[in-house]
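Here the structure is laid out as structure tokens; the discussion comes afterwards.
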Amino acid sequence: MSSRRHRASQRRKANEGKPSQSGSAEFREPDFVLVGILRRPHGLRGEAQVSIETDFPERLQPGLKLFLGPEHTPVTIRSQRPVDGGLLLSFEEFPDRNAIEHLRNAPLFSPVQDSPPLPPGQYYRHQLMGLAVVSDAGEELGTLIQVLETGANDVYIVHSERYGEVLLPAIRDVVLDVDLANKRMQVHLLPGLLPEIKDEDGG
């Protein structure tokens, strides 16, 4: 049930998962997903080492159009070769080292609509943001506002009017169904998952 590691555009991410003044969380589908980060230049021909931020690095081939930096400037991959667990990429727009030197640590994005389909039961993180979370007993818990990556499994953070912050492990025993079309997630609440709350009489 865990989601894949495409990351939402930094511009959109700043606004995702923040409850509005009414207490509900508001989300927008991101325009872009992060696929890599330019690191140091390599050689004199405009190559740069790129750290991979996607589960699909095989897509980063010559001719592919990506979008660079917070302004999402379009660039086209000119060449690609593997190096030290990452890739060396060059771009048509940057013919030499001087042209790319100032782009250290610049993010590379791909349009979200170009993301490859995932196998059944797997989801991109941005698809999960804003889902209404309901228990198998019919209780409306709240809105999924964040996904935490842990060593064993992801953890879904749900903003709840009644319980505050609810942490749900993304495991099969808890996450029963994800309905993207209707923006709903059904979960089974194992003992201890819900925080204790005072009753309405203050007892």
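We label chains A, B, ... in the order they appear in the structure tokens, count residues from 1 in each chain, and number ligands from 1 in the order shown.
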I'd like the neighbourhood of region 153-162 of chain A as a ChimeraX atom specification, where a residue qualifies if any of its atoms comes within 6 Å (using only C-alpha atoms), though same-chain residues fewer than 5 positions away should be ignored. /A:2,141-148,167-170
Using only C-alpha atoms, which protein or nucleic acid residues come within 7 Å of Arg78 (chain A)? Drop anything in the same chain fewer than 5 positions from it, and give the result as a list of chain:residue names.
A:Pro62, A:Gly63, A:Ser90, A:Phe91, A:Glu92
Which residues are near Gln113 (chain A)? Cut-off 8 Å, only C-alpha atoms, ignore same chain within fewer than 2 positions. Put them as a ChimeraX atom specification. /A:31,111,115
**Report entry** Straight-line distance linking CA of Arg125 (chain A) with CA of Val75 (chain A), stated in Å to one decimal
**Finding:**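 Straight-line distance from CA of Arg125 (chain A) to CA of Val75 (chain A) works out to 25.0 Å.
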For Asp136 (chain A), find every residue with an atom within 10 Å (counting only C-alpha atoms), except residues of its own chain fewer than 6 positions away, and show them as an mmCIF file with N, CA and C atoms, in the first residue's frame.
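around-v1.cif was written with the following content:
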```
data_model
loop_
_atom_site.group_PDB
_atom_site.id
_atom_site.type_symbol
_atom_site.label_atom_id
_atom_site.label_comp_id
_atom_site.auth_asym_id
_atom_site.auth_seq_id
_atom_site.Cartn_x
_atom_site.Cartn_y
_atom_site.Cartn_z
ATOM 1 N N VAL A 174 -4.119 -2.119 7.860
ATOM 2 C CA VAL A 174 -4.732 -0.830 8.174
ATOM 3 C C VAL A 174 -5.407 -0.220 6.947
ATOM 4 N N VAL A 175 -4.699 -0.131 5.848
ATOM 5 C CA VAL A 175 -5.249 0.500 4.636
ATOM 6 C C VAL A 175 -5.987 -0.557 3.822
ATOM 7 N N LEU A 176 -7.294 -0.480 3.834
ATOM 8 C CA LEU A 176 -8.125 -1.495 3.190
ATOM 9 C C LEU A 176 -8.420 -1.175 1.736
ATOM 10 N N ASP A 177 -8.621 0.115 1.431
ATOM 11 C CA ASP A 177 -9.000 0.478 0.062
ATOM 12 C C ASP A 177 -8.634 1.930 -0.205
ATOM 13 N N MET A 185 -10.177 7.027 1.239
ATOM 14 C CA MET A 185 -9.369 5.904 1.701
ATOM 15 C C MET A 185 -10.096 5.246 2.865
ATOM 16 N N GLN A 186 -10.301 3.943 2.786
ATOM 17 C CA GLN A 186 -10.919 3.216 3.884
ATOM 18 C C GLN A 186 -9.839 2.516 4.688
ATOM 19 N N VAL A 187 -9.929 2.628 6.020
ATOM 20 C CA VAL A 187 -8.900 2.059 6.880
ATOM 21 C C VAL A 187 -9.540 1.249 7.998
ATOM 22 N N HIS A 188 -8.753 0.328 8.535
ATOM 23 C CA HIS A 188 -9.136 -0.413 9.731
ATOM 24 C C HIS A 188 -8.259 0.079 10.870
ATOM 25 N N LEU A 189 -8.894 0.492 11.953
ATOM 26 C CA LEU A 189 -8.169 1.094 13.065
ATOM 27 C C LEU A 189 -7.747 0.021 14.068
#
```
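Nearest residue to Leu68 (chain A), choosing from A:Phe56, A:Phe109, A:Tyr123, A:Phe32 and counting only C-alpha atoms: A:Phe109.
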Item to complete: Could you give me, as JSON, numbers by chain, each residue of region 114-201 of chain A that DSSP assigns to helix (DSSP H, G or I) when run on this structure's backbone?
Response: {"A": [114, 125, 126, 127, 128]}
Could you list, as a list in words, every residue within 9 Å of Gly43 (chain A), counting only C-alpha atoms and ignoring same-chain residues fewer than 3 positions away?
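Selected residues are Gly46, Glu47, Ala48, Asp96 and Arg97 of chain A.
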Using only C-alpha atoms, pick whichever of A:Val178, A:Glu149, A:Leu194, A:Leu89 has the shortest atom-to-atom distance to Gly164 (chain A).
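Once distances to Gly164 (chain A) are computed over only C-alpha atoms, the minimum belongs to A:Leu194.
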Enumerate as a ChimeraX atom specification all residues of region 55-147 of chain A assigned to strand (DSSP E) by DSSP on the backbone, naming them with the chain letters and numbers the document uses.
-> /A:65-68,73-83,86-91,107-111,123-124,132-135,140-147
Between CA of Val112 (chain A) and CA of Val166 (chain A), what is the distance in Å, rounded to a tenth?
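Separation between CA of Val112 (chain A) and CA of Val166 (chain A): 28.1 Å.
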Which is closest to Ala152 (chain A) among A:Tyr124, A:Val133, A:Ile171, A:Arg104, if we use only C-alpha atoms?
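Of A:Tyr124, A:Val133, A:Ile171, A:Arg104, the one nearest Ala152 (chain A), counting only C-alpha atoms, is A:Ile171.
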Separating CA of Pro74 (chain A) from CA of Ala106 (chain A), to the nearest tenth of an Å, is a gap of 12.9 Å
